[in-house]
Amino acid sequence: MNRLKKKYQTEIAPVFKKEFAIVNQMALPKIKKVVINVGVGQISSDKTALKKAADALAKLTGQKPSKRRAKKAISDFQIREGQVVGLKVTLRKKRMYHFLDKLFTIVLPRMRDFSGVSRQSFDHYANYTLGLSDQLIFPEVDYDKIDRVRGLEITIVTTTKEKKKALRLLELLGMPFTKEDKEDKSKDKGK
């Protein structure tokens, strides 16, 4: 069993039951899936660059990415309908927990001048989206084998629709949030 999943079952679930007075085990907030997107932009016409981007994403996630195609043509961006504009991987179960554990404990703290991630990146469905400017912070990526630095977008999809519960879930799982946001929150309570 993955370390993060075990932590959820043994430590986090009891905390949630106590803090939010949840009686039903099935009503506990969980992470449903993690979706990783990479835009390939202008290099989509270059088959070798597209293959290198797909290989790098497969190394990060342990799963082959699917191609995302443009739904309509946009002449300003020189995009034709049906052209590959991105790559996507959806992680669930073991791979999801393994990826999140690596992200929280190794990748994010490894970023230069890292002071935590924002608490404000939740959408109205209580899913958290994190944008990373380059994939080189992942230990699996070999600097010599990439042709170009690419950013990626990581979306953590939860089963809850309440931002407060989703934030608490990610905090308990070990996501390194910024300290300033916490201080601002405590100042607001004092007013």
# chains A, B, ... in the order shown; residues from 1 in each chain; ligands from 1

$ residues_around --residues "Val107 (chain A)" --least-positions-apart "3" --cutoff "12 Å" --atoms "only C-alpha atoms" --output "PDB file with C-alpha atoms, in the first residue's frame"
ATOM      1  CA  LEU A  60       6.810  11.608 -14.928  1.00  0.00           C
ATOM      2  CA  PHE A  99       2.559  10.902  -8.055  1.00  0.00           C
ATOM      3  CA  LEU A 100       1.105  13.091  -5.282  1.00  0.00           C
ATOM      4  CA  ASP A 101       3.538  11.726  -2.709  1.00  0.00           C
ATOM      5  CA  LYS A 102       6.437  12.534  -5.037  1.00  0.00           C
ATOM      6  CA  LEU A 103       4.991  15.980  -5.837  1.00  0.00           C
ATOM      7  CA  PHE A 104       4.478  16.981  -2.182  1.00  0.00           C
ATOM      8  CA  ARG A 110      13.024  21.243  -4.846  1.00  0.00           C
ATOM      9  CA  MET A 111      11.867  24.378  -6.680  1.00  0.00           C
ATOM     10  CA  ARG A 112      14.112  27.420  -6.503  1.00  0.00           C
ATOM     11  CA  PHE A 114       9.976  27.875  -3.025  1.00  0.00           C
ATOM     12  CA  GLY A 116       4.737  27.156  -0.721  1.00  0.00           C
ATOM     13  CA  LEU A 132       4.596  24.431 -13.023  1.00  0.00           C
ATOM     14  CA  ASP A 134       9.198  23.499 -16.214  1.00  0.00           C
ATOM     15  CA  GLN A 135       9.360  19.735 -15.958  1.00  0.00           C
ATOM     16  CA  LEU A 136      13.044  19.670 -14.978  1.00  0.00           C
ATOM     17  CA  ILE A 137      12.190  19.759 -11.273  1.00  0.00           C
ATOM     18  CA  PHE A 138      11.009  16.147 -11.527  1.00  0.00           C
ATOM     19  CA  PRO A 139      13.841  13.705 -10.767  1.00  0.00           C
ATOM     20  CA  GLU A 140      12.851  11.362 -13.644  1.00  0.00           C
ATOM     21  CA  VAL A 141      13.492  13.967 -16.342  1.00  0.00           C
ATOM     22  CA  MET A 175       0.733  19.785   0.291  1.00  0.00           C
ATOM     23  CA  PRO A 176       3.127  22.639   1.161  1.00  0.00           C
TER      24      PRO A 176
END

$ residues_around --residues "Leu57 (chain A)" --least-positions-apart "6" --cutoff "10 Å" --atoms "only C-alpha atoms" --output "list in words"
Ile36, Asn37, Val38, Lys51, Gln63, Lys64, Pro65, Leu87, Lys88, Val89, Gln135, Glu140, Val141 and Leu152 of chain A

$ write_last_selection --atoms "N, CA and C atoms" --output "tab-separated table (two decimals), in the first residue's frame"
chain	number	residue	atom	x	y	z
A	36	ILE	N	-2.92	15.68	-15.50
A	36	ILE	CA	-1.74	16.45	-15.87
A	36	ILE	C	-1.84	16.79	-17.36
A	37	ASN	N	-1.75	18.09	-17.65
A	37	ASN	CA	-1.83	18.59	-19.04
A	37	ASN	C	-0.53	19.28	-19.41
A	38	VAL	N	-0.12	19.08	-20.65
A	38	VAL	CA	1.05	19.76	-21.20
A	38	VAL	C	0.64	20.31	-22.56
A	51	LYS	N	6.88	13.54	-29.81
A	51	LYS	CA	7.24	12.25	-29.20
A	51	LYS	C	8.09	12.45	-27.95
A	63	GLN	N	2.57	6.54	-17.08
A	63	GLN	CA	1.42	6.22	-17.91
A	63	GLN	C	1.53	6.95	-19.24
A	64	LYS	N	1.09	6.31	-20.31
A	64	LYS	CA	1.18	6.92	-21.63
A	64	LYS	C	0.15	8.05	-21.77
A	65	PRO	N	0.60	9.24	-22.23
A	65	PRO	CA	-0.36	10.35	-22.37
A	65	PRO	C	-1.22	10.22	-23.62
A	87	LEU	N	-1.04	17.34	-24.53
A	87	LEU	CA	-0.99	15.96	-24.05
A	87	LEU	C	-1.63	15.92	-22.68
A	88	LYS	N	-2.31	14.81	-22.37
A	88	LYS	CA	-3.02	14.72	-21.10
A	88	LYS	C	-2.86	13.33	-20.52
A	89	VAL	N	-2.69	13.28	-19.20
A	89	VAL	CA	-2.63	12.01	-18.47
A	89	VAL	C	-3.58	12.13	-17.28
A	135	GLN	N	9.43	21.12	-16.41
A	135	GLN	CA	9.36	19.73	-15.96
A	135	GLN	C	10.69	19.24	-15.42
A	140	GLU	N	12.82	12.32	-12.53
A	140	GLU	CA	12.85	11.36	-13.64
A	140	GLU	C	13.30	11.99	-14.96
A	141	VAL	N	13.19	13.30	-15.08
A	141	VAL	CA	13.49	13.97	-16.34
A	141	VAL	C	15.00	14.17	-16.47
A	152	LEU	N	3.72	22.48	-17.19
A	152	LEU	CA	2.62	21.55	-17.10
A	152	LEU	C	1.62	22.03	-16.06

$ closest_residue --among "A:Ala53, A:Lys71, A:Thr61, A:Ala13" --to "Gly151 (chain A)" --atoms "only C-alpha atoms"
A:Ala53

$ residues_around --residues "region 16-30 of chain A" --least-positions-apart "3" --cutoff "6 Å" --atoms "only C-alpha atoms" --output "mmCIF file with N, CA and C atoms, in the first residue's frame"
data_model
loop_
_atom_site.group_PDB
_atom_site.id
_atom_site.type_symbol
_atom_site.label_atom_id
_atom_site.label_comp_id
_atom_site.auth_asym_id
_atom_site.auth_seq_id
_atom_site.Cartn_x
_atom_site.Cartn_y
_atom_site.Cartn_z
ATOM 1 N N ALA A 13 -8.517 10.325 7.764
ATOM 2 C CA ALA A 13 -9.946 10.002 7.879
ATOM 3 C C ALA A 13 -10.475 10.249 9.295
ATOM 4 N N THR A 158 -11.154 16.459 -6.367
ATOM 5 C CA THR A 158 -11.631 15.905 -5.106
ATOM 6 C C THR A 158 -13.095 15.497 -5.211
ATOM 7 N N THR A 159 -13.545 14.717 -4.234
ATOM 8 C CA THR A 159 -14.954 14.296 -4.222
ATOM 9 C C THR A 159 -15.854 15.308 -3.527
ATOM 10 N N THR A 160 -15.272 16.268 -2.828
ATOM 11 C CA THR A 160 -16.067 17.275 -2.126
ATOM 12 C C THR A 160 -16.304 18.491 -3.024
#

$ atom_distance --atom1 "CA of Leu91 (chain A)" --atom2 "CA of Ile156 (chain A)"
9.7 Å

$ residues_around --residues "Asp123 (chain A)" --least-positions-apart "5" --cutoff "9 Å" --atoms "only C-alpha atoms" --output "PyMOL selection string"
chain A and resi 128-129+163

$ select_by_dssp --residues "region 57-176 of chain A" --states "helix (DSSP H, G or I)" --output "ChimeraX atom specification"
/A:57-61,75-77,93-110,135-137,143-145,163-173

$ write_last_selection --atoms "N, CA and C atoms" --output "CSV table (one decimal), in the first residue's frame"
chain,number,residue,atom,x,y,z
A,57,LEU,N,6.5,13.1,-20.4
A,57,LEU,CA,5.3,13.0,-19.6
A,57,LEU,C,5.0,11.6,-19.1
A,58,ALA,N,5.3,10.6,-20.0
A,58,ALA,CA,5.2,9.2,-19.6
A,58,ALA,C,6.1,8.9,-18.4
A,59,LYS,N,7.3,9.4,-18.5
A,59,LYS,CA,8.3,9.1,-17.4
A,59,LYS,C,7.9,9.7,-16.1
A,60,LEU,N,7.3,10.9,-16.1
A,60,LEU,CA,6.8,11.6,-14.9
A,60,LEU,C,5.7,10.9,-14.3
A,61,THR,N,4.8,10.3,-15.1
A,61,THR,CA,3.5,9.8,-14.5
A,61,THR,C,3.5,8.3,-14.5
A,75,SER,N,-7.0,31.1,-36.5
A,75,SER,CA,-5.9,31.5,-37.4
A,75,SER,C,-4.9,32.4,-36.7
A,76,ASP,N,-5.2,33.2,-35.7
A,76,ASP,CA,-4.3,34.0,-35.0
A,76,ASP,C,-3.1,33.2,-34.3
A,77,PHE,N,-3.5,32.0,-33.9
A,77,PHE,CA,-2.4,31.1,-33.3
A,77,PHE,C,-1.9,30.0,-34.3
A,93,LYS,N,-6.0,5.9,-8.5
A,93,LYS,CA,-5.5,4.9,-7.5
A,93,LYS,C,-4.1,4.9,-7.2
A,94,LYS,N,-3.3,3.8,-7.4
A,94,LYS,CA,-1.9,3.7,-7.0
A,94,LYS,C,-1.0,4.7,-7.6
A,95,ARG,N,-1.2,4.9,-8.9
A,95,ARG,CA,-0.3,5.9,-9.6
A,95,ARG,C,-0.6,7.3,-9.1
A,96,MET,N,-1.9,7.6,-8.9
A,96,MET,CA,-2.2,8.9,-8.4
A,96,MET,C,-1.6,9.2,-7.0
A,97,TYR,N,-1.7,8.3,-6.1
A,97,TYR,CA,-1.1,8.4,-4.8
A,97,TYR,C,0.5,8.5,-4.9
A,98,HIS,N,1.1,7.7,-5.7
A,98,HIS,CA,2.5,7.7,-5.9
A,98,HIS,C,2.9,9.1,-6.5
A,99,PHE,N,2.2,9.6,-7.5
A,99,PHE,CA,2.6,10.9,-8.1
A,99,PHE,C,2.4,12.0,-7.0
A,100,LEU,N,1.3,12.0,-6.3
A,100,LEU,CA,1.1,13.1,-5.3
A,100,LEU,C,2.2,13.0,-4.2
A,101,ASP,N,2.5,11.9,-3.7
A,101,ASP,CA,3.5,11.7,-2.7
A,101,ASP,C,4.9,12.3,-3.2
A,102,LYS,N,5.2,12.0,-4.4
A,102,LYS,CA,6.4,12.5,-5.0
A,102,LYS,C,6.3,14.1,-5.2
A,103,LEU,N,5.2,14.5,-5.6
A,103,LEU,CA,5.0,16.0,-5.8
A,103,LEU,C,5.1,16.8,-4.5
A,104,PHE,N,4.5,16.3,-3.5
A,104,PHE,CA,4.5,17.0,-2.2
A,104,PHE,C,5.8,16.9,-1.5
A,105,THR,N,6.5,15.8,-1.5
A,105,THR,CA,7.7,15.6,-0.7
A,105,THR,C,9.0,15.9,-1.4
A,106,ILE,N,9.0,15.7,-2.7
A,106,ILE,CA,10.3,15.8,-3.5
A,106,ILE,C,10.3,17.0,-4.4
A,107,VAL,N,9.3,17.1,-5.3
A,107,VAL,CA,9.3,18.0,-6.4
A,107,VAL,C,9.1,19.5,-6.0
A,108,LEU,N,8.0,19.7,-5.3
A,108,LEU,CA,7.7,21.1,-4.9
A,108,LEU,C,8.8,21.7,-4.0
A,109,PRO,N,9.3,21.0,-3.0
A,109,PRO,CA,10.4,21.6,-2.1
A,109,PRO,C,11.7,21.8,-2.9
A,110,ARG,N,11.8,21.1,-4.0
A,110,ARG,CA,13.0,21.2,-4.8
A,110,ARG,C,13.1,22.5,-5.7
A,135,GLN,N,9.4,21.1,-16.4
A,135,GLN,CA,9.4,19.7,-16.0
A,135,GLN,C,10.7,19.2,-15.4
A,136,LEU,N,11.7,20.1,-15.4
A,136,LEU,CA,13.0,19.7,-15.0
A,136,LEU,C,13.1,19.5,-13.5
A,137,ILE,N,12.2,19.9,-12.7
A,137,ILE,CA,12.2,19.8,-11.3
A,137,ILE,C,11.8,18.3,-10.9
A,143,TYR,N,17.9,16.0,-18.2
A,143,TYR,CA,18.2,17.3,-18.8
A,143,TYR,C,18.7,17.1,-20.3
A,144,ASP,N,19.5,16.1,-20.5
A,144,ASP,CA,20.1,15.9,-21.8
A,144,ASP,C,19.2,15.4,-22.8
A,145,LYS,N,18.1,14.7,-22.4
A,145,LYS,CA,17.2,14.1,-23.3
A,145,LYS,C,16.0,15.0,-23.7
A,163,LYS,N,-14.7,24.1,-0.7
A,163,LYS,CA,-13.3,24.5,-0.7
A,163,LYS,C,-12.6,24.3,0.6
A,164,LYS,N,-13.3,24.6,1.7
A,164,LYS,CA,-12.8,24.4,3.0
A,164,LYS,C,-12.3,23.0,3.3
A,165,LYS,N,-13.2,22.0,2.9
A,165,LYS,CA,-12.8,20.6,3.1
A,165,LYS,C,-11.7,20.2,2.2
A,166,ALA,N,-11.7,20.6,0.9
A,166,ALA,CA,-10.7,20.3,0.0
A,166,ALA,C,-9.3,20.8,0.4
A,167,LEU,N,-9.3,22.1,0.9
A,167,LEU,CA,-8.1,22.7,1.4
A,167,LEU,C,-7.6,21.9,2.6
A,168,ARG,N,-8.4,21.5,3.5
A,168,ARG,CA,-8.0,20.8,4.7
A,168,ARG,C,-7.5,19.4,4.3
A,169,LEU,N,-8.1,18.8,3.3
A,169,LEU,CA,-7.7,17.5,2.8
A,169,LEU,C,-6.2,17.5,2.3
A,170,LEU,N,-6.0,18.5,1.4
A,170,LEU,CA,-4.6,18.7,0.8
A,170,LEU,C,-3.6,19.1,1.9
A,171,GLU,N,-4.0,19.9,2.9
A,171,GLU,CA,-3.1,20.2,4.0
A,171,GLU,C,-2.7,19.0,4.8
A,172,LEU,N,-3.7,18.1,5.1
A,172,LEU,CA,-3.4,16.9,5.8
A,172,LEU,C,-2.6,15.9,5.0
A,173,LEU,N,-2.7,15.9,3.7
A,173,LEU,CA,-2.0,15.0,2.9
A,173,LEU,C,-0.5,15.5,2.7

$ atom_distance --atom1 "CA of Ser66 (chain A)" --atom2 "CA of Gln78 (chain A)"
21.8 Å

$ closest_residue --among "A:Ile12, A:Val40, A:Gly62, A:Lys32" --to "Arg92 (chain A)" --atoms "only C-alpha atoms"
A:Lys32

$ residues_around --residues "Arg69 (chain A)" --least-positions-apart "4" --cutoff "9 Å" --atoms "only C-alpha atoms" --output "JSON, numbers by chain"
{"A": [81, 82, 83, 84, 85, 86, 87]}

$ write_last_selection --atoms "N, CA and C atoms" --output "short mmCIF file (atom, residue, chain, number, x, y, z; two decimals), in the first residue's frame"
data_model
loop_
_atom_site.label_atom_id
_atom_site.label_comp_id
_atom_site.auth_asym_id
_atom_site.auth_seq_id
_atom_site.Cartn_x
_atom_site.Cartn_y
_atom_site.Cartn_z
N GLU A 81 -8.06 22.88 -37.16
CA GLU A 81 -8.95 21.94 -36.49
C GLU A 81 -8.37 20.53 -36.58
N GLY A 82 -8.33 19.83 -35.47
CA GLY A 82 -7.80 18.47 -35.44
C GLY A 82 -6.31 18.39 -35.18
N GLN A 83 -5.62 19.51 -35.12
CA GLN A 83 -4.18 19.53 -34.86
C GLN A 83 -3.92 19.23 -33.38
N VAL A 84 -2.86 18.48 -33.10
CA VAL A 84 -2.51 18.17 -31.71
C VAL A 84 -2.00 19.44 -31.03
N VAL A 85 -2.65 19.82 -29.93
CA VAL A 85 -2.27 21.03 -29.20
C VAL A 85 -1.82 20.73 -27.77
N GLY A 86 -1.97 19.49 -27.33
CA GLY A 86 -1.57 19.17 -25.97
C GLY A 86 -1.55 17.68 -25.71
N LEU A 87 -1.04 17.34 -24.53
CA LEU A 87 -0.99 15.96 -24.05
C LEU A 87 -1.63 15.92 -22.68
#

$ select_by_dssp --residues "region 81-176 of chain A" --states "strand (DSSP E or B)" --output "count of residues only"
22

$ atom_distance --atom1 "CA of Thr90 (chain A)" --atom2 "CA of Val35 (chain A)"
4.5 Å
